[in-house]
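*Asks:* Input structure: my_file11.cif, which contains mmCIF, C-alpha atoms and all ligand atoms.
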data_structure
loop_
_atom_site.label_atom_id
_atom_site.label_comp_id
_atom_site.auth_asym_id
_atom_site.auth_seq_id
_atom_site.Cartn_x
_atom_site.Cartn_y
_atom_site.Cartn_z
CA MET V 888 0.00 0.00 0.00
CA SER V 889 1.16 3.53 -0.76
CA GLU V 890 2.71 5.40 2.17
CA ARG V 891 1.57 8.69 0.71
CA ASN V 892 -1.85 10.20 0.21
CA ARG V 893 -2.95 12.54 -2.57
CA ARG V 894 -5.50 14.93 -1.08
CA VAL V 895 -7.69 17.83 -2.24
CA LEU V 896 -7.39 20.70 0.24
CA LEU V 897 -9.74 23.65 0.56
CA VAL V 898 -7.49 26.68 0.22
CA GLY V 899 -9.94 29.49 -0.60
CA ARG V 900 -13.26 30.47 0.97
CA PRO V 901 -15.71 30.47 -1.98
CA ALA V 902 -18.03 33.47 -2.24
CA GLY V 903 -20.65 31.39 -4.07
CA ILE V 904 -20.12 28.25 -6.11
CA PRO V 905 -16.68 26.75 -5.35
CA LEU V 906 -14.21 27.09 -8.21
CA ALA V 907 -11.33 24.75 -9.02
CA THR V 908 -9.01 27.52 -7.76
CA ASP V 909 -10.50 27.23 -4.25
CA PHE V 910 -8.76 23.85 -3.98
CA ALA V 911 -5.18 22.57 -4.15
CA ILE V 912 -3.87 19.01 -4.42
CA ASP V 913 -0.96 17.84 -2.24
CA ASN V 914 0.72 14.54 -1.54
CA ALA V 915 1.19 13.98 2.20
CA PRO V 916 2.73 11.07 4.13
CA LEU V 917 0.24 8.76 5.84
CA ALA V 918 0.44 8.71 9.64
CA PRO V 919 0.46 5.29 11.37
CA LEU V 920 -2.92 4.10 12.67
CA VAL V 921 -3.62 4.34 16.38
CA SER V 922 -5.84 1.90 18.25
CA GLY V 923 -9.50 2.21 17.19
CA GLN V 924 -8.67 3.58 13.72
CA PHE V 925 -8.76 2.00 10.28
CA ARG V 926 -7.60 3.11 6.87
CA VAL V 927 -10.03 3.36 3.98
CA ARG V 928 -8.86 3.30 0.40
CA ASN V 929 -11.42 5.48 -1.36
CA HIS V 930 -12.76 3.98 -4.59
CA TYR V 931 -15.37 6.65 -5.45
CA LEU V 932 -15.57 10.19 -4.11
CA SER V 933 -18.96 11.83 -3.94
CA VAL V 934 -19.56 15.27 -5.45
CA ASP V 935 -22.48 16.93 -3.68
CA PRO V 936 -24.04 20.37 -4.05
CA ALA V 937 -24.02 20.50 -0.23
CA GLN V 938 -20.24 20.85 -0.35
CA ARG V 939 -20.75 24.47 -1.36
CA GLY V 940 -22.31 25.10 2.06
CA TRP V 941 -19.62 23.10 3.87
CA ALA V 942 -16.86 25.12 2.15
CA ALA V 943 -18.49 28.49 2.79
CA ASP V 944 -18.19 30.61 5.88
CA VAL V 945 -21.92 31.36 6.24
CA SER V 946 -24.42 29.82 8.61
CA ASN V 947 -25.34 26.24 7.75
CA TYR V 948 -26.28 23.01 9.52
CA SER V 949 -22.57 22.13 9.89
CA GLN V 950 -19.26 23.84 10.71
CA PRO V 951 -17.27 25.24 7.76
CA VAL V 952 -14.35 23.12 6.49
CA PRO V 953 -11.17 24.75 7.91
CA LEU V 954 -8.95 26.30 5.26
CA GLY V 955 -5.95 24.11 4.47
CA SER V 956 -7.69 20.86 5.41
CA VAL V 957 -8.98 18.01 3.25
CA MET V 958 -12.27 18.92 1.55
CA ARG V 959 -15.13 17.33 3.47
CA ALA V 960 -16.82 14.73 1.29
CA LEU V 961 -18.57 11.43 1.35
CA ALA V 962 -16.85 8.52 -0.34
CA VAL V 963 -17.11 4.77 -0.64
CA GLY V 964 -14.13 2.48 -0.30
CA ARG V 965 -12.63 -0.57 1.38
CA ILE V 966 -10.66 -0.91 4.57
CA VAL V 967 -7.02 -1.73 3.77
CA ALA V 968 -5.55 -1.63 7.29
CA SER V 969 -7.27 -1.75 10.65
CA ARG V 970 -6.72 -1.40 14.36
CA HIS V 971 -10.43 -1.76 15.14
CA PRO V 972 -11.85 -5.25 15.76
CA ASP V 973 -15.28 -4.42 14.29
CA PHE V 974 -13.89 -3.01 11.04
CA PRO V 975 -11.68 -5.70 9.53
CA VAL V 976 -9.60 -5.34 6.36
CA GLY V 977 -11.77 -5.81 3.28
CA THR V 978 -14.93 -4.23 4.75
CA GLY V 979 -16.70 -1.88 2.33
CA VAL V 980 -17.70 1.40 3.95
CA TYR V 981 -19.43 4.64 2.92
CA GLY V 982 -18.88 7.75 4.98
CA TRP V 983 -16.92 10.89 5.74
CA PHE V 984 -13.67 9.98 4.06
CA GLY V 985 -12.92 13.24 2.24
CA TRP V 986 -11.63 14.09 -1.20
CA GLN V 987 -8.44 12.02 -0.90
CA GLN V 988 -7.04 8.61 -1.77
CA PHE V 989 -6.85 7.26 1.78
CA ALA V 990 -8.84 8.20 4.87
CA THR V 991 -7.70 7.54 8.41
CA ALA V 992 -11.07 6.94 10.01
CA GLY V 993 -12.98 5.67 13.02
CA PRO V 994 -16.48 4.27 13.52
CA ALA V 995 -18.02 7.77 13.77
CA ASP V 996 -16.96 8.51 10.18
CA VAL V 997 -18.96 5.60 8.77
CA LEU V 998 -22.50 6.23 7.53
CA THR V 999 -23.17 2.74 6.17
CA ARG V 1000 -21.37 -0.53 5.64
CA VAL V 1001 -21.54 -1.87 2.11
CA ALA V 1002 -24.15 -4.60 2.20
CA ASP V 1003 -24.07 -7.53 -0.16
CA THR V 1004 -26.56 -6.16 -2.68
CA GLY V 1005 -24.91 -7.36 -5.85
CA LEU V 1006 -24.69 -3.72 -6.97
CA PRO V 1007 -21.31 -2.18 -7.82
CA LEU V 1008 -19.44 -0.29 -5.09
CA SER V 1009 -20.18 3.05 -6.79
CA ALA V 1010 -23.92 2.55 -6.19
CA HIS V 1011 -23.32 2.74 -2.46
CA ALA V 1012 -22.27 6.38 -2.89
CA GLY V 1013 -25.18 7.23 -5.21
CA VAL V 1014 -28.51 5.45 -5.37
CA LEU V 1015 -27.80 3.78 -1.99
CA GLY V 1016 -25.88 6.80 -0.66
CA ILE V 1017 -27.33 10.11 0.53
CA ASN V 1018 -28.99 10.79 -2.82
CA GLY V 1019 -31.16 7.70 -2.92
CA LEU V 1020 -31.69 7.72 0.85
CA THR V 1021 -32.80 11.35 0.72
CA ALA V 1022 -35.16 10.68 -2.17
CA TRP V 1023 -36.71 7.72 -0.35
CA LEU V 1024 -37.07 9.19 3.12
CA ALA V 1025 -38.01 12.76 2.20
CA PHE V 1026 -40.45 11.75 -0.52
CA HIS V 1027 -42.26 9.11 1.51
CA ASP V 1028 -42.17 10.75 4.97
CA LEU V 1029 -42.81 14.36 3.99
CA GLY V 1030 -44.61 13.89 0.67
CA ARG V 1031 -47.02 11.23 2.00
CA PRO V 1032 -47.94 10.34 -1.61
CA ARG V 1033 -51.27 8.82 -2.56
CA GLY V 1034 -51.92 7.10 -5.88
CA GLY V 1035 -53.28 9.45 -8.55
CA GLU V 1036 -51.70 12.57 -7.04
CA THR V 1037 -49.52 14.84 -9.13
CA VAL V 1038 -45.87 15.25 -8.12
CA LEU V 1039 -43.61 18.02 -9.39
CA VAL V 1040 -39.85 17.48 -9.02
CA SER V 1041 -37.03 19.92 -9.81
CA THR V 1042 -33.56 18.80 -11.01
CA ALA V 1043 -35.48 15.80 -12.30
CA ALA V 1044 -32.38 14.42 -14.09
CA GLY V 1045 -30.06 14.91 -11.10
CA ALA V 1046 -28.90 12.42 -8.50
CA VAL V 1047 -31.80 12.96 -6.08
CA GLY V 1048 -34.42 14.14 -8.59
CA SER V 1049 -34.01 11.20 -10.97
CA ILE V 1050 -34.80 8.83 -8.10
CA VAL V 1051 -37.70 10.89 -6.74
CA GLY V 1052 -39.41 10.78 -10.15
CA GLN V 1053 -39.22 7.00 -10.20
CA LEU V 1054 -40.38 6.65 -6.58
CA ALA V 1055 -43.35 8.86 -7.38
CA LYS V 1056 -44.14 6.71 -10.41
CA ALA V 1057 -43.87 3.56 -8.29
CA ALA V 1058 -46.31 5.17 -5.82
CA GLY V 1059 -48.86 5.55 -8.62
CA CYS V 1060 -48.50 9.32 -8.99
CA VAL V 1061 -48.49 11.46 -12.11
CA VAL V 1062 -44.91 12.78 -12.34
CA VAL V 1063 -43.87 16.14 -13.78
CA GLY V 1064 -40.16 16.94 -14.01
CA LEU V 1065 -38.26 20.19 -14.42
CA THR V 1066 -34.70 20.17 -15.68
CA GLY V 1067 -32.15 22.38 -17.43
CA SER V 1068 -32.01 21.09 -21.02
CA ASP V 1069 -34.12 19.40 -23.69
CA GLU V 1070 -31.77 16.38 -23.62
CA LYS V 1071 -32.25 15.94 -19.88
CA ALA V 1072 -36.02 16.39 -20.26
CA ALA V 1073 -36.02 13.53 -22.80
CA LEU V 1074 -34.11 11.34 -20.32
CA CYS V 1075 -36.61 12.17 -17.59
CA LEU V 1076 -39.39 10.88 -19.83
CA ARG V 1077 -37.47 7.81 -20.95
CA ASP V 1078 -35.72 6.70 -17.76
CA PHE V 1079 -36.63 8.73 -14.70
CA GLY V 1080 -40.34 8.13 -14.24
CA CYS V 1081 -41.70 11.39 -15.63
CA ASP V 1082 -45.04 11.54 -17.45
CA ARG V 1083 -44.24 15.11 -18.48
CA ALA V 1084 -40.86 16.83 -18.40
CA PHE V 1085 -39.84 20.38 -19.23
CA ASN V 1086 -36.67 22.35 -19.83
CA TYR V 1087 -37.20 25.29 -17.46
CA ARG V 1088 -34.94 27.45 -19.62
CA SER V 1089 -37.15 26.98 -22.70
CA ARG V 1090 -39.85 29.58 -21.89
CA PRO V 1091 -41.02 31.97 -19.19
CA LEU V 1092 -41.65 30.03 -16.00
CA ASP V 1093 -45.26 31.12 -15.50
CA ARG V 1094 -46.16 29.92 -19.00
CA LEU V 1095 -44.17 26.74 -18.58
CA LEU V 1096 -45.79 25.85 -15.24
CA ALA V 1097 -49.29 26.53 -16.59
CA GLU V 1098 -48.53 24.07 -19.38
CA ALA V 1099 -46.77 21.59 -17.08
CA LEU V 1100 -49.43 21.53 -14.37
CA PRO V 1101 -52.87 22.35 -15.76
CA GLU V 1102 -54.37 20.44 -12.80
CA GLY V 1103 -51.87 21.81 -10.24
CA ALA V 1104 -49.60 19.65 -8.09
CA ASP V 1105 -50.15 17.88 -4.77
CA ILE V 1106 -46.47 17.46 -3.94
CA PHE V 1107 -43.50 19.58 -4.95
CA PHE V 1108 -40.12 17.96 -4.25
CA ASP V 1109 -37.88 20.98 -4.63
CA ASN V 1110 -34.12 20.80 -5.00
CA VAL V 1111 -33.49 24.33 -6.29
CA GLY V 1112 -35.45 27.05 -4.45
CA GLY V 1113 -35.37 30.55 -5.99
CA GLU V 1114 -37.63 31.57 -8.82
CA ILE V 1115 -38.74 28.01 -9.63
CA LEU V 1116 -39.91 27.59 -6.03
CA ASP V 1117 -41.55 31.03 -5.89
CA ARG V 1118 -43.64 30.28 -8.96
CA ALA V 1119 -44.26 26.56 -8.51
CA LEU V 1120 -45.57 27.12 -4.98
CA ARG V 1121 -48.49 28.91 -6.62
CA SER V 1122 -49.24 25.76 -8.64
CA LEU V 1123 -49.78 23.67 -5.53
CA ARG V 1124 -53.29 22.52 -4.82
CA PRO V 1125 -55.01 22.96 -1.46
CA GLY V 1126 -53.41 20.63 1.09
CA GLY V 1127 -50.24 20.41 -1.03
CA ARG V 1128 -46.92 19.27 0.45
CA LEU V 1129 -43.73 21.12 -0.39
CA ILE V 1130 -40.48 19.33 0.41
CA GLN V 1131 -37.48 21.65 0.62
CA CYS V 1132 -34.60 19.32 -0.13
CA GLY V 1133 -32.14 21.75 -1.73
CA THR V 1134 -31.60 25.32 -2.85
CA ALA V 1135 -29.23 24.73 -5.78
CA SER V 1136 -30.40 27.79 -7.73
CA ILE V 1137 -29.32 30.30 -5.07
CA ALA V 1138 -25.88 31.57 -5.99
CA SER V 1139 -25.13 33.06 -2.57
CA TRP V 1140 -26.83 33.37 0.83
CA ASP V 1141 -24.76 36.36 1.84
CA PRO V 1142 -26.77 38.51 1.68
CA ALA V 1143 -29.91 36.38 1.56
CA PRO V 1144 -31.81 37.04 -1.68
CA THR V 1145 -35.34 38.48 -1.59
CA GLY V 1146 -38.35 37.33 -3.57
CA PRO V 1147 -42.14 37.56 -3.76
CA ARG V 1148 -44.09 37.18 -0.51
CA ASN V 1149 -45.72 33.75 -0.67
CA GLU V 1150 -46.94 33.34 2.90
CA ARG V 1151 -50.51 34.14 1.85
CA GLU V 1152 -50.30 31.31 -0.71
CA VAL V 1153 -49.08 28.92 1.98
CA LEU V 1154 -51.95 29.97 4.23
CA THR V 1155 -54.82 30.00 1.76
CA ARG V 1156 -53.78 26.74 0.10
CA ARG V 1157 -53.17 25.08 3.51
CA LEU V 1158 -49.72 23.96 2.37
CA THR V 1159 -47.20 22.01 4.41
CA TRP V 1160 -43.66 23.20 3.71
CA SER V 1161 -41.06 20.87 5.23
CA GLY V 1162 -37.28 21.07 5.40
CA PHE V 1163 -35.20 17.91 5.32
CA VAL V 1164 -31.60 17.09 6.25
CA ILE V 1165 -30.62 13.49 5.55
CA PHE V 1166 -28.10 13.29 8.40
CA ASP V 1167 -30.97 13.45 10.92
CA HIS V 1168 -32.20 10.06 9.69
CA ALA V 1169 -29.23 7.70 10.08
CA ALA V 1170 -31.31 5.24 12.09
CA ARG V 1171 -33.44 4.59 9.00
CA PHE V 1172 -30.74 4.29 6.32
CA ALA V 1173 -30.87 0.48 6.27
CA GLU V 1174 -34.66 0.45 5.88
CA ALA V 1175 -34.51 3.01 3.04
CA ALA V 1176 -31.64 1.19 1.29
CA ALA V 1177 -33.60 -2.07 1.46
CA GLY V 1178 -36.57 -0.36 -0.18
CA LEU V 1179 -34.38 1.04 -2.96
CA VAL V 1180 -32.67 -2.30 -3.61
CA ALA V 1181 -36.06 -4.04 -3.81
CA LEU V 1182 -37.23 -1.55 -6.45
CA ILE V 1183 -33.97 -1.92 -8.44
CA ARG V 1184 -34.33 -5.71 -8.39
CA ALA V 1185 -37.96 -5.41 -9.48
CA GLY V 1186 -36.88 -3.30 -12.47
CA ALA V 1187 -38.81 -0.28 -11.16
CA LEU V 1188 -35.78 1.88 -10.38
CA THR V 1189 -32.83 2.67 -12.57
CA TYR V 1190 -29.95 4.98 -11.72
CA ARG V 1191 -27.34 6.86 -13.64
CA GLU V 1192 -23.80 7.73 -12.58
CA ASP V 1193 -21.74 10.55 -14.06
CA ILE V 1194 -18.25 9.26 -13.36
CA ARG V 1195 -15.07 11.31 -13.81
CA VAL V 1196 -11.74 9.53 -13.53
CA GLY V 1197 -8.93 10.61 -11.21
CA LEU V 1198 -8.50 12.86 -8.17
CA ASP V 1199 -7.50 15.80 -10.40
CA GLU V 1200 -11.14 15.94 -11.56
CA ALA V 1201 -12.49 16.71 -8.08
CA PRO V 1202 -11.70 20.46 -7.78
CA GLY V 1203 -13.67 21.38 -10.91
CA ALA V 1204 -16.52 18.92 -10.40
CA LEU V 1205 -18.69 21.06 -8.11
CA GLY V 1206 -18.72 23.90 -10.62
CA ASP V 1207 -19.83 21.42 -13.27
CA VAL V 1208 -22.68 20.16 -11.08
CA TYR V 1209 -23.89 23.71 -10.45
CA ALA V 1210 -23.68 24.37 -14.19
CA GLY V 1211 -25.93 21.34 -14.71
CA ARG V 1212 -23.27 19.44 -16.68
CA ASN V 1213 -24.07 16.23 -14.79
CA THR V 1214 -26.78 13.65 -15.34
CA GLY V 1215 -27.47 11.51 -12.29
CA LYS V 1216 -24.90 11.08 -9.54
CA THR V 1217 -21.49 12.72 -9.97
CA LEU V 1218 -18.61 10.57 -8.70
CA ILE V 1219 -14.82 10.69 -8.93
CA ASP V 1220 -13.35 7.28 -9.70
CA LEU V 1221 -10.10 6.61 -7.83
CA THR V 1222 -9.94 2.89 -8.56
CA GLY V 1223 -6.99 3.47 -10.87
CA GLU V 1224 -4.97 5.37 -8.25
CA GLY V 1225 -2.95 4.29 -5.23
N1 LIG J 1301 -31.52 17.99 2.28
C1 LIG J 1301 -30.70 16.96 2.17
O1 LIG J 1301 -30.46 16.21 3.11
C2 LIG J 1301 -30.07 16.72 0.83
C3 LIG J 1301 -29.40 15.53 0.52
C4 LIG J 1301 -28.88 15.39 -0.76
C5 LIG J 1301 -29.02 16.42 -1.69
N2 LIG J 1301 -29.67 17.55 -1.32
C6 LIG J 1301 -29.88 18.67 -2.25
O2 LIG J 1301 -30.64 18.19 -3.33
C7 LIG J 1301 -30.29 18.95 -4.49
C8 LIG J 1301 -29.91 17.98 -5.58
O3 LIG J 1301 -28.71 17.30 -5.17
P1 LIG J 1301 -28.04 16.26 -6.15
O4 LIG J 1301 -26.87 15.68 -5.45
O5 LIG J 1301 -29.09 15.36 -6.67
O6 LIG J 1301 -27.51 17.19 -7.30
P2 LIG J 1301 -27.88 17.14 -8.84
O7 LIG J 1301 -29.34 17.37 -8.98
O8 LIG J 1301 -27.34 15.90 -9.43
O9 LIG J 1301 -27.07 18.35 -9.39
C9 LIG J 1301 -27.48 19.66 -9.12
C10 LIG J 1301 -28.40 20.13 -10.24
O10 LIG J 1301 -28.91 21.39 -9.87
C11 LIG J 1301 -29.40 21.99 -11.04
N3 LIG J 1301 -29.13 23.42 -10.99
C12 LIG J 1301 -27.96 24.03 -10.82
N4 LIG J 1301 -28.12 25.37 -10.85
C13 LIG J 1301 -29.45 25.59 -11.01
C14 LIG J 1301 -30.25 26.76 -11.12
N5 LIG J 1301 -29.71 27.98 -11.06
N6 LIG J 1301 -31.57 26.61 -11.28
C15 LIG J 1301 -32.13 25.40 -11.34
N7 LIG J 1301 -31.41 24.25 -11.25
C16 LIG J 1301 -30.10 24.36 -11.10
C17 LIG J 1301 -28.72 21.33 -12.23
O11 LIG J 1301 -29.70 20.55 -12.90
P3 LIG J 1301 -30.49 21.10 -14.20
O12 LIG J 1301 -29.55 20.96 -15.35
O13 LIG J 1301 -31.67 20.23 -14.26
O14 LIG J 1301 -30.79 22.55 -13.91
C18 LIG J 1301 -27.72 20.39 -11.57
O15 LIG J 1301 -27.53 19.21 -12.31
C19 LIG J 1301 -29.19 19.89 -4.08
O16 LIG J 1301 -29.74 21.15 -3.80
C20 LIG J 1301 -28.62 19.25 -2.84
O17 LIG J 1301 -28.00 20.18 -1.99
C21 LIG J 1301 -30.19 17.73 -0.10
#
What is this structure when it is put down as structure tokens?

*Replies:*
Amino acid sequence: MSERNRRVLLVGRPAGIPLATDFAIDNAPLAPLVSGQFRVRNHYLSVDPAQRGWAADVSNYSQPVPLGSVMRALAVGRIVASRHPDFPVGTGVYGWFGWQQFATAGPADVLTRVADTGLPLSAHAGVLGINGLTAWLAFHDLGRPRGGETVLVSTAAGAVGSIVGQLAKAAGCVVVGLTGSDEKAALCLRDFGCDRAFNYRSRPLDRLLAEALPEGADIFFDNVGGEILDRALRSLRPGGRLIQCGTASIASWDPAPTGPRNEREVLTRRLTWSGFVIFDHAARFAEAAAGLVALIRAGALTYREDIRVGLDEAPGALGDVYAGRNTGKTLIDLTGEG
């Protein structure tokens, strides 16, 4: 095993979307393990829009990544050395292993162990990682879908959105997707469960939503916030459920942007507007993963991975995700390194 570790460090505090220049790659010696630790060789690094919030110095649900340290990230890999009896060499693990080749970790860094699902290791950082788990738990718990209801989902071709569309379809709902290009809209119709799908850049939003949702929507699974949220909220039917999963369209929260006042719409339509953070739900990851695997095996859930090869791809990958250059889950493949 290599004695050195190539790592992506956060070296600049991004004002909005992190740029490749906010990161630097170094090659540091690996420290020996102490009792209770194990070493994970990362196979796939996760690229998540949430990393923008972790890298920034504005209020969030977690502490900012310190400048000069390894960029906080989820990853999936295998244990290659261990001084912990419950985590033997060879165990597959998914967790807080950072944008680097090797993580020196302990039990608290592990989100899930790789179960024997027959799916490739990469799936454990995508459809069975926070993206699929978020889709499953947030959609079912907060959406409370009933057959025949209409579900609107934003970033419908993204890692979370592409799964939500299919879960909604499996729940017997009519599924309407919003995404950023005609090509992605076609994929949403073909692969991601949508009955109708629209490129939100193709025409003014009010016109597009009137066309997309002539009957209104019962559930809006929103990954973007901003103008799409402001307008789509007014397409929700009485008793509608709005799931705030992400705010990808907001370039910066400092200062917080302003928009139309929608509280009257929330009141008169008797809407439920719920926020969701996946890390509050660790106790239910196994249950959600089992549900996802069952749907995959039944042929009712497909997933797409947007895989870039090599650690050097990581610094620019977040910018690409925010530019909508990904389809499905963005991962960095390190299997050829180290
Ligand atoms: N709450 C939680 O616990 C939790 C967990 C996981 C993810 N999330 C959130 O869920 C959202 C989706 O995450 P993901 O990993 O699945 O990412 P993703 O959808 O695969 O990638 C982000 C997508 O955002 C869209 N986008 C970027 N800028 C936009 C803009 N200005 N307006 C509209 N859309 C824009 C792009 O899709 P288009 O090309 O379609 O525009 C891009 O592909 C993110 O906001 C993420 O932070 C939340």

*Asks:* Name the residues, by chain letter and number, that sit within 6 Å of ligand LIG 1301 (chain J) using only C-alpha atoms and all ligand atoms, and give them as a PyMOL selection string.

*Replies:* chain V and resi 935-937+1017-1018+1021+1042+1044-1048+1066-1067+1110-1111+1132-1136+1163-1165+1208-1211+1213+1215-1216

*Asks:* What is the CA of Arg891 (chain V) to CA of Ala942 (chain V) distance in Å?

*Replies:*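 The value is 24.7 Å.
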
*Asks:* Of the candidates V:Arg1156, V:Arg1128, V:His1011, V:Arg965, which one gets nearest to Leu1029 (chain V) if we count only C-alpha atoms?

*Replies:* V:Arg1128

*Asks:* Let me make sure I understand: among V:Tyr948, V:Ala1057, V:Ser1041, V:Phe1172, which one has the smallest atom-to-atom distance to Ala1072 (chain V) if we use all atoms listed in the file?

*Replies:* V:Ser1041

*Asks:* One decimal, in Å: what's the spacing between CA of Ala915 (chain V) and CA of Val1196 (chain V)?

*Replies:* 20.8 Å
